[in-house]
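Shown next: work.txt, given as compact mmCIF, C-alpha atoms.
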# COMPACT_ATOMS: atom_id res chain seq x y z
CA MET C 1 19.78 -25.04 16.50
CA ARG C 2 20.53 -28.74 16.76
CA ASN C 3 16.84 -29.55 16.44
CA LEU C 4 16.62 -27.37 13.36
CA TRP C 5 19.60 -29.17 11.86
CA LEU C 6 18.01 -32.54 12.64
CA LEU C 7 14.73 -31.37 11.08
CA LEU C 8 16.57 -30.27 7.94
CA GLN C 9 18.43 -33.57 7.78
CA ARG C 10 15.21 -35.53 8.21
CA ASN C 11 13.54 -33.65 5.34
CA ALA C 12 16.60 -33.24 3.16
CA PHE C 13 15.14 -35.26 0.27
CA PHE C 14 11.90 -33.29 0.27
CA LEU C 15 13.82 -30.00 0.42
CA ALA C 16 16.07 -31.08 -2.47
CA PHE C 17 13.00 -32.11 -4.46
CA ALA C 18 11.27 -28.78 -3.72
CA PHE C 19 14.41 -26.87 -4.72
CA LEU C 20 14.77 -28.69 -8.03
CA MET C 21 11.05 -28.32 -8.75
CA ALA C 22 11.22 -24.60 -8.05
CA LEU C 23 14.23 -24.33 -10.34
CA SER C 24 12.46 -26.26 -13.10
CA LEU C 25 9.25 -24.23 -12.77
CA MET C 26 11.25 -21.02 -12.84
CA VAL C 27 12.92 -22.05 -16.11
CA LEU C 28 9.53 -23.12 -17.49
CA ILE C 29 7.78 -19.88 -16.56
CA GLN C 30 10.59 -17.79 -17.96
CA ASN C 31 10.53 -19.55 -21.32
CA ASP C 32 6.89 -20.51 -21.87
CA GLY C 33 4.40 -17.68 -22.49
CA SER C 34 1.34 -19.81 -21.78
CA ALA C 35 2.78 -21.06 -18.50
CA ARG C 36 3.84 -17.54 -17.60
CA SER C 37 0.38 -16.08 -18.19
CA SER C 38 -1.27 -18.87 -16.20
CA TRP C 39 1.21 -18.43 -13.41
CA PHE C 40 0.74 -14.68 -13.19
CA ARG C 41 -3.03 -15.04 -13.37
CA ALA C 42 -3.03 -17.56 -10.54
CA THR C 43 -0.53 -15.69 -8.38
CA GLY C 44 -2.23 -12.36 -9.15
CA GLY C 45 -5.50 -13.73 -7.78
CA VAL C 46 -3.78 -15.03 -4.66
CA VAL C 47 -1.89 -11.77 -4.15
CA SER C 48 -5.13 -9.82 -4.53
CA VAL C 49 -6.93 -11.96 -1.95
CA VAL C 50 -4.00 -11.74 0.48
CA GLY C 51 -3.72 -7.97 -0.07
CA ASN C 52 -7.43 -7.44 0.59
CA GLN C 53 -7.26 -9.54 3.72
CA GLN C 54 -4.19 -7.66 4.91
CA GLN C 55 -5.88 -4.33 4.21
CA GLN C 56 -8.91 -5.41 6.24
CA TRP C 57 -6.71 -6.42 9.16
CA THR C 58 -4.72 -3.18 8.93
CA ASN C 59 -7.92 -1.13 8.94
CA TYR C 60 -9.20 -3.11 11.89
CA LEU C 61 -5.98 -2.67 13.86
CA GLN C 62 -5.89 1.08 13.11
CA LEU C 63 -9.44 1.59 14.31
CA SER C 64 -8.36 2.29 17.88
CA ASP C 65 -5.85 4.95 16.75
CA GLN C 66 -8.39 6.59 14.46
CA ASN C 67 -10.95 6.47 17.25
CA ALA C 68 -8.55 8.19 19.65
CA ALA C 69 -7.73 10.88 17.07
CA LEU C 70 -11.43 11.50 16.42
CA ALA C 71 -12.12 11.69 20.15
CA ASP C 72 -9.36 14.30 20.53
CA GLU C 73 -10.70 16.31 17.60
CA ASN C 74 -14.22 16.06 18.99
CA ALA C 75 -13.05 17.31 22.38
CA GLN C 76 -11.28 20.29 20.78
CA LEU C 77 -14.35 21.18 18.72
CA ARG C 78 -16.61 20.94 21.76
CA SER C 79 -14.23 23.14 23.71
CA ARG C 80 -14.22 25.70 20.92
CA ILE C 81 -18.03 25.70 20.61
CA LEU C 82 -18.35 26.09 24.38
CA SER C 83 -15.89 28.96 24.30
CA MET C 84 -17.87 30.67 21.53
CA GLU C 85 -21.13 30.16 23.37
CA LEU C 86 -19.68 31.60 26.56
CA SER C 87 -18.20 34.62 24.82
CA GLY C 88 -21.30 35.15 22.73
CA ALA C 89 -21.77 37.69 19.98
CA TRP C 90 -21.68 41.34 20.83
CA ARG C 91 -25.08 43.01 21.11
CA GLU C 92 -25.89 46.63 20.63
CA ASP C 93 -25.55 48.67 23.82
CA SER C 94 -27.18 52.00 23.21
CA THR C 95 -26.60 53.08 26.81
CA ASN C 96 -22.92 53.60 25.97
CA GLY C 97 -23.76 55.40 22.76
CA TRP C 98 -22.97 52.55 20.35
CA GLN C 99 -25.17 52.24 17.28
CA VAL C 100 -25.30 49.50 14.66
CA LYS C 101 -26.08 49.75 10.97
CA THR C 102 -26.35 46.62 8.89
CA GLY C 103 -24.71 46.23 5.53
CA TRP C 104 -23.07 43.64 3.36
CA LEU C 105 -19.79 43.01 1.69
CA VAL C 106 -19.34 43.71 -2.01
CA LYS C 107 -15.80 42.34 -1.98
CA GLY C 108 -14.26 40.35 0.83
CA PRO C 109 -10.71 39.42 1.84
CA ASP C 110 -9.20 36.64 -0.28
CA GLY C 111 -6.31 35.56 1.92
CA ARG C 112 -3.71 37.72 0.19
CA PRO C 113 -1.74 40.07 2.44
CA ARG C 114 -2.82 43.44 1.02
CA THR C 115 -6.41 42.86 -0.11
CA MET C 116 -8.96 45.38 1.11
CA ALA C 117 -12.67 44.69 1.54
CA LEU C 118 -15.49 46.76 0.10
CA GLY C 119 -18.83 47.13 1.86
CA THR C 120 -22.02 49.01 1.44
CA PRO C 121 -23.63 51.41 2.43
CA GLY C 122 -21.36 54.48 2.49
CA SER C 123 -21.64 58.11 3.56
CA ASP C 124 -25.28 58.19 2.38
CA GLU C 125 -26.09 56.13 5.49
CA ASP C 126 -23.80 58.21 7.70
CA ILE C 127 -20.96 55.65 7.74
CA ARG C 128 -17.70 57.41 8.73
CA ILE C 129 -13.99 56.68 8.48
CA GLY C 130 -12.83 54.79 11.57
CA THR C 131 -16.11 52.94 12.03
CA GLY C 132 -15.70 49.40 13.28
CA VAL C 133 -17.09 46.53 11.21
CA LEU C 134 -18.46 43.29 12.68
CA ALA C 135 -19.44 40.05 11.04
CA THR C 136 -21.99 37.92 12.88
CA GLY C 137 -21.10 39.71 16.10
CA THR C 138 -17.33 39.32 15.90
CA ALA C 139 -14.67 41.80 14.81
CA PHE C 140 -14.06 41.97 11.06
CA GLY C 141 -12.27 45.24 10.28
CA THR C 142 -12.54 49.01 10.19
CA VAL C 143 -13.60 51.59 7.60
CA VAL C 144 -10.61 53.43 6.15
CA ASP C 145 -12.15 55.21 3.19
CA ILE C 146 -15.67 56.25 2.35
CA GLY C 147 -17.72 56.87 -0.79
CA ASP C 148 -21.33 57.85 -1.29
CA HIS C 149 -22.60 54.31 -1.37
CA HIS C 150 -19.57 52.20 -0.44
CA ALA C 151 -16.99 51.97 2.26
CA ARG C 152 -13.47 50.64 1.94
CA ILE C 153 -12.74 48.33 4.87
CA LEU C 154 -9.38 47.27 6.26
CA PRO C 155 -10.10 43.69 7.36
CA LEU C 156 -8.34 41.63 10.00
CA LEU C 157 -6.88 39.62 7.12
CA ASN C 158 -4.58 42.41 5.98
CA THR C 159 -1.01 42.88 7.04
CA ALA C 160 -1.46 46.67 7.26
CA GLY C 161 -3.82 46.57 10.23
CA THR C 162 -3.13 46.33 13.95
CA TRP C 163 -5.94 45.84 16.47
CA SER C 164 -5.94 46.42 20.18
CA CYS C 165 -7.12 43.23 21.83
CA ARG C 166 -7.42 41.76 25.29
CA LEU C 167 -6.59 38.20 26.26
CA GLY C 168 -9.75 37.09 28.04
CA LYS C 169 -12.31 39.45 29.56
CA ASN C 170 -9.87 40.97 32.01
CA GLY C 171 -6.44 39.91 30.70
CA ALA C 172 -3.51 41.73 29.22
CA VAL C 173 -3.93 44.06 26.26
CA ALA C 174 -1.75 43.49 23.20
CA PRO C 175 -1.78 44.37 19.49
CA LEU C 176 -3.23 41.80 17.12
CA SER C 177 -2.11 41.57 13.51
CA TRP C 178 -1.88 39.14 10.62
CA ASP C 179 1.43 38.03 9.12
CA GLY C 180 -0.09 37.40 5.68
CA VAL C 181 0.65 33.67 5.63
CA ASP C 182 -2.12 31.58 7.16
CA PRO C 183 -5.67 33.04 7.12
CA ASN C 184 -6.54 30.85 10.10
CA LYS C 185 -3.78 32.23 12.29
CA LEU C 186 -3.61 35.81 13.65
CA THR C 187 -0.77 36.94 15.88
CA LEU C 188 -1.05 38.61 19.29
CA LYS C 189 2.32 40.28 19.88
CA ASP C 190 4.08 41.75 22.88
CA VAL C 191 2.05 39.86 25.45
CA PRO C 192 3.85 40.14 28.83
CA ARG C 193 5.63 36.94 29.76
CA TYR C 194 3.80 36.57 33.08
CA VAL C 195 0.40 36.28 31.39
CA LYS C 196 -1.12 32.80 31.77
CA TRP C 197 -3.25 31.33 29.01
CA THR C 198 -4.74 28.06 27.88
CA ALA C 199 -5.63 26.91 24.39
CA GLY C 200 -9.18 27.94 23.55
CA ASP C 201 -9.15 31.18 25.59
CA THR C 202 -11.11 33.92 23.84
CA VAL C 203 -9.46 37.11 22.64
CA TYR C 204 -11.67 40.22 22.74
CA THR C 205 -11.39 43.77 21.50
CA SER C 206 -10.08 46.07 24.20
CA GLY C 207 -11.94 49.12 22.91
CA PHE C 208 -8.78 51.23 23.31
CA ASP C 209 -8.54 51.96 19.59
CA LEU C 210 -11.97 53.68 19.73
CA LYS C 211 -13.12 51.71 16.71
CA PHE C 212 -14.91 48.89 18.51
CA PRO C 213 -16.65 48.68 21.83
CA GLU C 214 -14.74 46.52 24.28
CA GLY C 215 -15.58 42.83 24.66
CA ILE C 216 -16.19 41.90 21.04
CA SER C 217 -14.78 38.46 20.41
CA VAL C 218 -12.01 38.24 17.84
CA GLY C 219 -10.69 34.71 18.09
CA THR C 220 -9.41 31.92 20.31
CA VAL C 221 -5.89 31.17 21.48
CA ILE C 222 -4.12 28.33 19.67
CA GLU C 223 -0.52 28.27 20.81
CA GLU C 224 2.42 30.30 22.03
CA VAL C 225 5.48 31.00 19.89
CA PRO C 226 8.57 30.51 22.02
CA GLU C 227 10.84 33.57 22.21
CA PRO C 228 13.76 32.65 24.46
CA GLY C 229 15.23 35.53 26.42
CA SER C 230 12.40 37.98 25.70
CA GLU C 231 10.21 39.72 28.28
CA PHE C 232 7.24 39.33 25.95
CA LYS C 233 5.72 36.48 24.10
CA THR C 234 3.75 36.00 20.92
CA ILE C 235 0.49 34.06 20.84
CA HIS C 236 -1.28 32.66 17.79
CA VAL C 237 -5.03 33.25 17.62
CA ALA C 238 -7.60 31.49 15.42
CA PRO C 239 -10.30 33.85 14.06
CA MET C 240 -13.81 33.19 15.37
CA LEU C 241 -15.14 32.69 11.86
CA ASP C 242 -13.88 32.16 8.35
CA LEU C 243 -13.17 35.76 7.39
CA LYS C 244 -12.99 34.92 3.69
CA SER C 245 -16.60 33.72 3.57
CA VAL C 246 -18.24 36.68 5.34
CA ARG C 247 -21.23 38.20 3.53
CA HIS C 248 -23.30 40.26 6.01
CA ILE C 249 -21.63 42.91 8.12
CA GLU C 250 -22.57 45.43 10.82
CA PHE C 251 -21.10 48.93 11.17
CA VAL C 252 -20.69 49.97 14.80
CA GLN C 253 -20.09 53.60 15.64
CA ASN C 254 -20.36 55.69 18.72
CA ALA C 255 -22.64 58.72 18.79
CA SER C 256 -19.89 60.79 20.36
CA ASP C 257 -17.11 59.61 18.08
CA SER C 258 -15.91 63.07 17.12
CA VAL C 259 -15.67 64.16 20.75
CA ARG C 260 -13.86 60.98 21.75
CA SER C 261 -11.45 61.33 18.86
CA ALA C 262 -10.72 64.93 19.72
CA LEU C 263 -10.16 64.19 23.38
CA SER C 264 -7.95 61.23 22.66
CA GLN C 265 -5.47 63.33 20.67
CA PRO C 266 -2.16 64.06 22.43
CA ILE C 267 -1.92 67.43 24.15
CA PRO C 268 0.21 69.75 22.04
CA ALA C 269 3.44 70.75 23.65
CA PRO C 270 3.37 74.23 25.13
CA MET M 1 27.47 -45.92 -16.90
CA ILE M 2 24.21 -44.26 -15.82
CA VAL M 3 25.41 -40.93 -17.19
CA LEU M 4 26.62 -42.45 -20.43
CA ARG M 5 23.29 -44.21 -20.92
CA LEU M 6 21.42 -40.96 -20.24
CA VAL M 7 23.52 -39.01 -22.74
CA LEU M 8 23.16 -41.66 -25.42
CA LEU M 9 19.40 -41.98 -25.01
CA VAL M 10 18.89 -38.21 -24.94
CA ALA M 11 20.94 -37.88 -28.12
CA LEU M 12 19.05 -40.76 -29.70
CA GLN M 13 15.68 -39.23 -28.89
CA ALA M 14 16.65 -35.69 -29.83
CA PHE M 15 18.42 -36.33 -33.10
CA ILE M 16 17.16 -39.64 -34.49
CA LEU M 17 13.95 -40.93 -32.94
CA GLY M 18 12.36 -37.62 -32.02
CA GLU M 19 10.33 -37.45 -35.22
CA VAL M 20 9.26 -41.10 -35.11
CA ALA M 21 5.60 -40.90 -34.10
CA PRO M 22 3.49 -43.26 -36.21
CA PHE M 23 0.14 -41.88 -34.98
CA GLY M 24 1.03 -38.23 -34.51
CA ASN M 25 0.66 -36.89 -30.99
CA TRP M 26 -1.15 -40.10 -29.98
CA SER M 27 2.20 -41.90 -29.95
CA GLU M 28 5.08 -39.75 -28.78
CA PRO M 29 7.39 -42.10 -26.86
CA GLN M 30 10.03 -40.80 -24.49
CA TRP M 31 13.00 -43.02 -25.28
CA ALA M 32 15.26 -41.33 -22.78
CA LEU M 33 13.07 -42.60 -19.97
CA TRP M 34 14.65 -46.01 -20.35
CA ALA M 35 17.99 -44.63 -19.19
CA LEU M 36 16.39 -43.34 -16.03
CA LEU M 37 14.58 -46.62 -15.44
CA MET M 38 17.90 -48.45 -15.67
CA VAL M 39 19.05 -46.75 -12.45
CA PRO M 40 19.46 -49.60 -9.92
CA PRO M 41 16.60 -49.62 -7.38
CA GLN M 42 18.89 -49.98 -4.37
CA LEU M 43 20.61 -46.67 -5.11
CA GLY M 44 19.92 -43.73 -2.79
CA PRO M 45 16.94 -41.43 -3.42
CA PHE M 46 19.13 -38.37 -4.00
CA LEU M 47 20.87 -40.03 -6.93
CA LYS M 48 17.52 -40.95 -8.49
CA LEU M 49 16.27 -37.42 -8.02
CA LEU M 50 19.41 -35.98 -9.57
CA ALA M 51 19.26 -38.48 -12.42
CA GLY M 52 15.66 -37.45 -13.20
CA PHE M 53 16.53 -33.77 -13.04
CA GLY M 54 19.65 -34.29 -15.17
CA MET M 55 17.68 -36.21 -17.79
CA GLY M 56 15.13 -33.38 -17.93
CA VAL M 57 17.82 -30.73 -18.32
CA ALA M 58 19.54 -32.72 -21.08
CA LEU M 59 16.27 -33.31 -22.95
CA ASP M 60 15.25 -29.66 -22.67
CA MET M 61 18.61 -28.50 -23.96
CA ALA M 62 18.54 -30.96 -26.83
CA LEU M 63 14.90 -30.37 -27.80
CA GLY M 64 14.67 -26.64 -27.00
CA THR M 65 11.69 -27.13 -24.67
CA TYR M 66 13.13 -25.22 -21.74
CA GLY M 67 11.54 -26.31 -18.46
CA HIS M 68 9.03 -28.92 -19.69
CA HIS M 69 11.21 -32.03 -19.34
CA MET M 70 12.96 -30.56 -16.30
CA VAL M 71 9.67 -30.49 -14.42
CA ALA M 72 8.59 -33.93 -15.61
CA GLY M 73 12.05 -35.43 -14.96
CA THR M 74 12.21 -33.96 -11.46
CA VAL M 75 8.74 -35.30 -10.65
CA LEU M 76 9.68 -38.75 -11.88
CA GLY M 77 13.09 -38.64 -10.16
CA GLY M 78 11.37 -37.66 -6.92
CA ALA M 79 8.74 -40.40 -7.28
CA LEU M 80 11.11 -43.14 -8.35
CA PRO M 81 12.27 -44.07 -4.80
CA THR M 82 8.63 -44.45 -3.76
CA LEU M 83 7.84 -46.51 -6.88
CA HIS M 84 10.81 -48.77 -6.20
CA GLY M 85 9.78 -49.07 -2.57
CA LEU M 86 6.20 -50.01 -3.45
CA SER M 87 7.23 -52.65 -5.98
CA ALA M 88 10.11 -54.07 -3.92
CA PRO M 89 10.24 -57.85 -3.36
CA ARG M 90 9.30 -59.11 0.10
CA ASP M 91 13.00 -59.45 1.14
CA GLY M 92 14.01 -56.20 -0.47
CA TYR M 93 16.43 -55.65 -3.31
CA GLU M 94 19.73 -57.46 -3.42
CA VAL M 95 22.86 -55.37 -3.65
CA THR M 96 23.54 -56.66 -7.15
CA SER M 97 19.95 -56.34 -8.43
CA GLN M 98 19.54 -54.55 -11.74
CA PRO M 99 16.17 -53.27 -13.04
CA VAL M 100 16.08 -55.87 -15.80
CA ILE M 101 13.82 -58.79 -16.57
CA LYS M 102 16.43 -61.36 -15.64
CA ASP M 103 16.92 -59.98 -12.10
CA LEU M 104 13.47 -58.72 -11.11
CA GLY M 105 11.08 -60.35 -13.54
CA VAL M 106 8.79 -59.15 -16.33
CA SER M 107 5.96 -57.99 -14.10
CA TRP M 108 8.29 -55.79 -12.01
CA VAL M 109 9.94 -54.25 -15.06
CA PHE M 110 6.61 -53.74 -16.84
CA GLY M 111 4.89 -52.31 -13.74
CA VAL M 112 7.63 -49.86 -12.89
CA THR M 113 8.08 -48.87 -16.56
CA PHE M 114 4.38 -48.24 -17.14
CA SER M 115 3.91 -46.35 -13.82
CA SER M 116 6.95 -44.20 -14.55
CA ALA M 117 5.90 -43.53 -18.13
CA LEU M 118 2.37 -42.64 -17.05
CA LEU M 119 3.63 -40.24 -14.38
CA TYR M 120 6.12 -38.66 -16.78
CA HIS M 121 3.58 -38.18 -19.57
CA LEU M 122 0.89 -36.87 -17.19
CA THR M 123 3.33 -34.29 -15.84
CA LEU M 124 4.36 -33.36 -19.36
CA MET M 125 0.69 -33.01 -20.29
CA VAL M 126 0.11 -30.58 -17.42
CA VAL M 127 3.13 -28.41 -18.23
CA ASP M 128 2.42 -28.53 -21.97
CA THR M 129 -1.25 -27.47 -21.76
CA TRP M 130 -1.31 -25.46 -18.49
CA HIS M 131 -4.99 -24.60 -18.88
CA ALA M 132 -7.50 -26.82 -17.05
CA HIS M 133 -10.04 -26.70 -19.87
CA LEU M 134 -7.48 -28.17 -22.31
CA LEU M 135 -6.53 -31.10 -20.08
CA GLY M 136 -9.61 -33.12 -21.09
CA GLN M 137 -8.64 -33.42 -24.73
CA ALA M 138 -4.97 -34.01 -23.87
CA ILE M 139 -5.58 -37.00 -21.61
CA GLY M 140 -6.19 -39.48 -24.46
CA PRO M 141 -2.92 -38.84 -26.34
CA THR M 142 -1.12 -38.83 -23.00
CA LEU M 143 -2.35 -42.31 -22.09
CA THR M 144 -1.54 -43.76 -25.50
CA SER M 145 1.88 -42.09 -25.46
CA ALA M 146 2.55 -43.60 -22.05
CA CYS M 147 1.68 -47.00 -23.48
CA TRP M 148 4.00 -46.35 -26.44
CA THR M 149 6.82 -45.34 -24.13
CA THR M 150 6.28 -48.52 -22.09
CA PHE M 151 6.35 -50.55 -25.29
CA CYS M 152 9.54 -48.85 -26.46
CA CYS M 153 11.27 -49.29 -23.12
CA MET M 154 10.32 -52.99 -23.04
CA LEU M 155 11.62 -53.31 -26.60
CA LEU M 156 14.91 -51.72 -25.53
CA HIS M 157 15.06 -54.13 -22.60
CA LEU M 158 14.71 -57.04 -24.97
CA LEU M 159 17.05 -55.65 -27.62
CA VAL M 160 19.83 -54.24 -25.48
CA ILE M 161 19.63 -56.49 -22.43
CA SER M 162 18.11 -59.82 -23.34
CA PRO M 163 16.81 -61.90 -20.38
CA GLY M 164 19.56 -64.48 -20.84
CA ARG M 165 22.45 -61.98 -20.97
CA ASN M 166 24.65 -60.82 -18.12
CA VAL M 167 24.24 -57.14 -17.40
CA HIS M 168 27.18 -54.85 -17.01
CA ARG M 169 27.16 -53.75 -13.35
CA SER M 170 27.16 -49.99 -13.04
Spit out the file's structure as structure tokens when you get a sec.
Amino acid sequence: MRNLWLLLQRNAFFLAFAFLMALSLMVLIQNDGSARSSWFRATGGVVSVVGNQQQQWTNYLQLSDQNAALADENAQLRSRILSMELSGAWREDSTNGWQVKTGWLVKGPDGRPRTMALGTPGSDEDIRIGTGVLATGTAFGTVVDIGDHHARILPLLNTAGTWSCRLGKNGAVAPLSWDGVDPNKLTLKDVPRYVKWTAGDTVYTSGFDLKFPEGISVGTVIEEVPEPGSEFKTIHVAPMLDLKSVRHIEFVQNASDSVRSALSQPIPAP
Amino acid sequence: MIVLRLVLLVALQAFILGEVAPFGNWSEPQWALWALLMVPPQLGPFLKLLAGFGMGVALDMALGTYGHHMVAGTVLGGALPTLHGLSAPRDGYEVTSQPVIKDLGVSWVFGVTFSSALLYHLTLMVVDTWHAHLLGQAIGPTLTSACWTTFCCMLLHLLVISPGRNVHRS
């Protein structure tokens, strides 16, 4: 502090001169248009150069953070691709009676909660109500109404549907639904609390709803929604593909559907 | 006395002699400079700086050229201690020395007056034109005006304080 005071004392005349000059220039610039324009032009150039230099330094210093974020994102994407490759797309298994008929969507889900999808063909190709619908080998929806040439499909992206799914190949079975908010987030409800999971785990169809064969991939686990005090937990699942951009579909139905449906009905009370 | 001289010269330049320029902008003398040059050389640098600044403020207020004479006066007030130091006699200034011909000689008075006038007019030229491409055509009138100011100041020296007259100590 003493040294600073001595320094100020030693340069007092220069400081007084600088102060008075600054005061004079300020008065001049405020009252003289020509001086003002020259001043702003000169200072604008300097400010621009300093700003550019500062921006370059900021970009350079943020490179490491951006690099780390990109590396994280890359790792997540690789993990997801690996998960998809491991799960694979479902293939026709005629030994269990499952048959596939190809078709395409006339109208797809648009991200609104109640939108139905419309596919073709219909009953002319022996498509029946309750038939499961796949898109590129993953679950898409189920036929709920049928016409001669078209079929109305209840897609995963509809709040009216509930789908029986399994967490992993041999994990717990829980109902999957969509809350109508985020098209990239489905909800697996009533999963027992003891069930272990990690982000990126695949969710498959259980086959218990008789619409799909078991083991068709539906999505991957994103996160768990905390529910303090509950015996069950809710898990968010990302769909395997963008359900709003689906074009080609496959109808899967079992040759003995009618028998299976009849046998799965509850026994009437005596 | 310094303040009185400054006020009188500023008033003289602003209200009477301001329009006296026989060759247009080639001869625009700054009469008030004489008051600043009459500041004794042995005074402290802060007083010279304040005197220069004060003269600039007074001139700007009187002439309506806000900032121009303030800048030039501050530059001259800041440079005056150095000018006095450079042109000081070998033994330095005596306590009673006044910046007049009788005390310090014609060459000292002329040298300091011309240097000061040149510096003042050059600074005025810069703040008046501001643009570098206009400075070239402004340098001629500036030099002649500096010569006119020197002439006027020397004339004032001879008229107001003749070499044979005792000077009132300020």
* May I have the residues of chain C within 7 Å of chain M, counting all atoms listed in the file, written as a PyMOL selection string? => chain C and resi 13+17+20-21+24-25+27-28+31+35+38
* One-decimal distance in Å that lies between CA of Trp178 in chain C and CA of Glu224 in chain C ->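 Interatomic distance here is 15.1 Å.
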* Asked: Expressed in Å to a single decimal, how great is the separation between CA of Asp145 in chain C and CA of Ile267 in chain C?
  ->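 Spanning CA of Asp145 in chain C to CA of Ile267 in chain C is a straight-line distance of 26.3 Å.
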* Would you list the contacts of Lys211 in chain C as a VMD selection string, taking every protein, DNA or RNA residue within 9 Å and counting only C-alpha atoms, but skipping same-chain residues closer than 2 positions in sequence? => chain C and resid 130 to 133 142 207 to 209 213 252 to 254 257
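Residues within 10 Å of Phe251 in chain C, counting all atoms listed in the file and excluding same-chain residues fewer than 2 positions away, are Gln99, Val100, Lys101, Thr102, Gly103, Trp104, Gly119, Thr120, Pro121, Ile127, Arg128, Thr131, Gly132, Val133, Leu134, Ala135, Phe140, Gly141, Thr142, Val143, Phe212, Ile249 and Gln253 of chain C.
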Centre and edges of the range 242-248 of chain C box, axis-aligned, 5 Å extra per side, as lines of an AutoDock Vina configuration file:
center_x = -18.1
center_y = 36.2
center_z = 5.9
size_x = 20.3
size_y = 18.1
size_z = 14.8
* With a distance cut-off of 6 Å and all atoms listed in the file, select the neighbouring residues of range 153-168 of chain C, excluding the residue or stretch itself and same-chain residues fewer than 3 positions from it, and output the selection as a ChimeraX atom specification. => /C:113-114,116-118,140-144,171-180,202-206
* CA of Trp57 in chain C to CA of Glu73 in chain C: how many Å, to one decimal? ->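 Atom-to-atom, CA of Trp57 in chain C to CA of Glu73 in chain C, that is 24.6 Å.
The list of residues with at least one atom within 9 Å of Thr113 in chain M, based on all atoms listed in the file and without residues fewer than 5 positions apart in the same chain, reads Leu33, Trp34, Leu37, Trp108, Leu118, Thr149, Thr150, Cys153 and Met154 of chain M.
When all atoms listed in the file are used to compute distances to Ser145 in chain M, the closest of the residues M:Ala51, M:Leu122, M:Leu86, M:Met1 turns out to be M:Leu122.
The nearest approach to Leu12 in chain M among the residues M:Ala62, M:Gly92, M:Pro40, M:Leu76, with all atoms listed in the file taken into account, belongs to M:Ala62.
When all atoms listed in the file are used to compute distances to Ile101 in chain M, the closest of the residues M:Ala146, M:Met38, M:Leu124, M:Ala58 turns out to be M:Met38.
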